[in-house]
file my_file11.pdb (PDB, C-alpha atoms, pLDDT in the B column)
MODEL        1
ATOM      1  CA  MET G   1       0.784 -10.944  -4.007  1.00 91.00           C
ATOM      2  CA  PRO G   2       3.404 -11.857  -6.642  1.00 94.00           C
ATOM      3  CA  ILE G   3       6.806 -12.148  -4.969  1.00 95.00           C
ATOM      4  CA  ASP G   4       8.296  -9.482  -7.248  1.00 95.00           C
ATOM      5  CA  ARG G   5       5.820  -6.932  -5.788  1.00 94.00           C
ATOM      6  CA  PHE G   6       6.838  -7.729  -2.195  1.00 94.00           C
ATOM      7  CA  ARG G   7       9.545  -5.666  -0.515  1.00 92.00           C
ATOM      8  CA  LEU G   8      10.684  -6.048   3.093  1.00 92.00           C
ATOM      9  CA  THR G   9      12.014  -2.664   4.172  1.00 89.00           C
ATOM     10  CA  GLY G  10      13.426  -3.582   7.572  1.00 89.00           C
ATOM     11  CA  GLY G  11      13.624  -6.059  10.409  1.00 90.00           C
ATOM     12  CA  ALA G  12      14.894  -9.055   8.435  1.00 93.00           C
ATOM     13  CA  ASP G  13      17.425  -9.733  11.199  1.00 95.00           C
ATOM     14  CA  LYS G  14      14.550 -10.310  13.672  1.00 95.00           C
ATOM     15  CA  LEU G  15      12.655 -12.863  11.583  1.00 95.00           C
ATOM     16  CA  LYS G  16      12.407 -16.578  12.257  1.00 95.00           C
ATOM     17  CA  SER G  17      11.094 -18.997   9.656  1.00 94.00           C
ATOM     18  CA  TYR G  18       8.650 -21.790  10.440  1.00 91.00           C
ATOM     19  CA  GLN G  19       7.003 -24.310   8.132  1.00 89.00           C
ATOM     20  CA  PHE G  20       3.821 -26.111   9.156  1.00 86.00           C
ATOM     21  CA  HIS G  21       2.494 -29.517   8.061  1.00 81.00           C
ATOM     22  CA  LYS G  22       3.540 -30.005   4.389  1.00 77.00           C
ATOM     23  CA  HIS G  23       6.316 -27.380   4.503  1.00 81.00           C
ATOM     24  CA  ASN G  24       4.952 -25.589   1.415  1.00 83.00           C
ATOM     25  CA  ILE G  25       4.827 -22.110   2.934  1.00 90.00           C
ATOM     26  CA  ASP G  26       7.690 -20.297   4.669  1.00 95.00           C
ATOM     27  CA  HIS G  27       6.000 -18.400   7.532  1.00 95.00           C
ATOM     28  CA  GLN G  28       8.049 -15.493   8.889  1.00 96.00           C
ATOM     29  CA  PHE G  29       7.607 -14.619  12.565  1.00 95.00           C
ATOM     30  CA  CYS G  30       9.105 -11.710  14.528  1.00 94.00           C
ATOM     31  CA  THR G  31      11.391 -13.050  17.264  1.00 95.00           C
ATOM     32  CA  GLY G  32      10.562  -9.991  19.404  1.00 93.00           C
ATOM     33  CA  CYS G  33       6.755 -10.046  19.462  1.00 92.00           C
ATOM     34  CA  GLY G  34       5.812 -13.348  17.797  1.00 92.00           C
ATOM     35  CA  CYS G  35       3.647 -11.767  15.086  1.00 93.00           C
ATOM     36  CA  GLN G  36       3.590 -13.411  11.664  1.00 94.00           C
ATOM     37  CA  GLY G  37       4.149 -10.503   9.299  1.00 94.00           C
ATOM     38  CA  PHE G  38       4.200 -12.454   6.065  1.00 96.00           C
ATOM     39  CA  ALA G  39       4.744 -15.811   4.435  1.00 96.00           C
ATOM     40  CA  VAL G  40       6.342 -16.862   1.157  1.00 95.00           C
ATOM     41  CA  GLY G  41       5.279 -19.799  -0.961  1.00 93.00           C
ATOM     42  CA  THR G  42       3.980 -20.948  -4.312  1.00 90.00           C
ATOM     43  CA  GLY G  43       0.509 -19.973  -5.477  1.00 83.00           C
ATOM     44  CA  PRO G  44      -2.029 -22.350  -7.044  1.00 81.00           C
ATOM     45  CA  GLY G  45      -0.737 -21.476 -10.525  1.00 87.00           C
ATOM     46  CA  GLY G  46       2.867 -22.302  -9.594  1.00 90.00           C
ATOM     47  CA  ALA G  47       4.138 -18.719  -9.272  1.00 93.00           C
ATOM     48  CA  LYS G  48       6.090 -17.556  -6.207  1.00 95.00           C
ATOM     49  CA  MET G  49       3.935 -15.387  -3.950  1.00 95.00           C
ATOM     50  CA  ALA G  50       3.929 -13.552  -0.637  1.00 95.00           C
ATOM     51  CA  ALA G  51       0.997 -13.431   1.766  1.00 93.00           C
ATOM     52  CA  VAL G  52       1.166 -10.274   3.876  1.00 94.00           C
ATOM     53  CA  ASN G  53      -0.480  -9.690   7.257  1.00 94.00           C
ATOM     54  CA  LEU G  54      -1.877  -6.201   6.606  1.00 92.00           C
ATOM     55  CA  ARG G  55      -2.097  -5.565  10.344  1.00 91.00           C
ATOM     56  CA  CYS G  56       1.692  -5.247  10.109  1.00 89.00           C
ATOM     57  CA  VAL G  57       1.495  -2.523   7.428  1.00 90.00           C
ATOM     58  CA  PRO G  58       1.064   0.863   9.121  1.00 90.00           C
ATOM     59  CA  ALA G  59      -0.366   2.562   6.003  1.00 92.00           C
ATOM     60  CA  ALA G  60      -3.020  -0.119   5.386  1.00 92.00           C
ATOM     61  CA  ASP G  61      -6.613   1.077   5.887  1.00 95.00           C
ATOM     62  CA  LEU G  62      -8.178  -2.121   7.222  1.00 93.00           C
ATOM     63  CA  ASP G  63     -11.664  -0.586   7.332  1.00 95.00           C
ATOM     64  CA  ALA G  64     -11.524   0.000   3.557  1.00 95.00           C
ATOM     65  CA  LEU G  65     -10.899  -3.695   2.780  1.00 92.00           C
ATOM     66  CA  THR G  66     -13.496  -6.168   1.586  1.00 92.00           C
ATOM     67  CA  ILE G  67     -13.058  -9.275   3.734  1.00 86.00           C
ATOM     68  CA  GLN G  68     -13.180 -12.653   2.005  1.00 85.00           C
ATOM     69  CA  LYS G  69     -13.668 -15.389   4.581  1.00 87.00           C
ATOM     70  CA  VAL G  70     -11.669 -18.578   4.061  1.00 82.00           C
ATOM     71  CA  ASP G  71     -12.352 -21.967   5.597  1.00 79.00           C
ATOM     72  CA  GLY G  72      -8.820 -22.868   6.614  1.00 71.00           C
ATOM     73  CA  ALA G  73      -9.865 -26.368   7.658  1.00 76.00           C
ATOM     74  CA  SER G  74     -10.511 -27.185   3.994  1.00 72.00           C
ATOM     75  CA  PHE G  75      -6.881 -26.727   2.949  1.00 61.00           C
TER      76      PHE G  75
ENDMDL
END
call {"tool": "encode", "arguments": {"input": "my_file11.pdb", "output": "structure tokens"}}
result
Amino acid sequence: MPIDRFRLTGGADKLKSYQFHKHNIDHQFCTGCGCQGFAVGTGPGGAKMAAVNLRCVPAADLDALTIQKVDGASF
């Protein structure tokens, strides 16, 4: 999602940042449970974006989502 549409409403004090491989994406992990709630980076078009783990959003209806499979090994 565009970064200006992302809003963290709590728990920022419990987050730990980690950057894999090329250090292009700032992955945010909870220091209490280890879950990655979201990540911040730059999208293919150059705009800042946030990728949100919807399993961390209580109001998200996961059964209503259309799943698009991604081959992560190709990135």
call {"tool": "atom_distance", "arguments": {"input": "my_file11.pdb", "atom1": "CA of Gly72 in chain G", "atom2": "CA of Ile25 in chain G"}}
result
14.2 Å
call {"tool": "resolve_selection", "arguments": {"input": "my_file11.pdb", "expression": "the PyMOL selection byres ((chain G and resi 22-24) around 12)", "output": "ChimeraX atom specification"}}
result
/G:17-21,25-27,39-44,46,48-49,75
call {"tool": "atom_distance", "arguments": {"input": "my_file11.pdb", "atom1": "CA of Met1 in chain G", "atom2": "CA of Phe38 in chain G"}}
result
10.7 Å
call {"tool": "residues_around", "arguments": {"input": "my_file11.pdb", "residues": "Thr31 in chain G", "least_positions_apart": "2", "cutoff": "8 Å", "atoms": "all atoms listed in the file", "output": "ChimeraX atom specification"}}
result
/G:14-16,29,33-34
call {"tool": "write_last_selection", "arguments": {"input": "my_file11.pdb", "atoms": "C-alpha atoms", "output": "mmCIF file, in the coordinates of the input"}}
result
data_model
loop_
_atom_site.group_PDB
_atom_site.id
_atom_site.type_symbol
_atom_site.label_atom_id
_atom_site.label_comp_id
_atom_site.auth_asym_id
_atom_site.auth_seq_id
_atom_site.Cartn_x
_atom_site.Cartn_y
_atom_site.Cartn_z
ATOM 1 C CA LYS G 14 14.550 -10.310 13.672
ATOM 2 C CA LEU G 15 12.655 -12.863 11.583
ATOM 3 C CA LYS G 16 12.407 -16.578 12.257
ATOM 4 C CA PHE G 29 7.607 -14.619 12.565
ATOM 5 C CA CYS G 33 6.755 -10.046 19.462
ATOM 6 C CA GLY G 34 5.812 -13.348 17.797
#
call {"tool": "resolve_selection", "arguments": {"input": "my_file11.pdb", "expression": "the PyMOL selection byres ((chain G and resi 53-58) around 8)", "output": "PDB file with C-alpha atoms, in the frame of the given file"}}
result
ATOM      1  CA  GLN G  36       3.590 -13.411  11.664  1.00 94.00           C
ATOM      2  CA  GLY G  37       4.149 -10.503   9.299  1.00 94.00           C
ATOM      3  CA  PHE G  38       4.200 -12.454   6.065  1.00 96.00           C
ATOM      4  CA  ALA G  51       0.997 -13.431   1.766  1.00 93.00           C
ATOM      5  CA  VAL G  52       1.166 -10.274   3.876  1.00 94.00           C
ATOM      6  CA  ALA G  59      -0.366   2.562   6.003  1.00 92.00           C
ATOM      7  CA  ALA G  60      -3.020  -0.119   5.386  1.00 92.00           C
ATOM      8  CA  LEU G  62      -8.178  -2.121   7.222  1.00 93.00           C
TER       9      LEU G  62
END
call {"tool": "atom_distance", "arguments": {"input": "my_file11.pdb", "atom1": "CA of Thr66 in chain G", "atom2": "CA of Pro2 in chain G"}}
result
19.6 Å
call {"tool": "closest_residue", "arguments": {"input": "my_file11.pdb", "among": "G:Ala47, G:Gly11, G:Ser74, G:Ile67", "to": "Cys30 in chain G", "atoms": "all atoms listed in the file"}}
result
G:Gly11
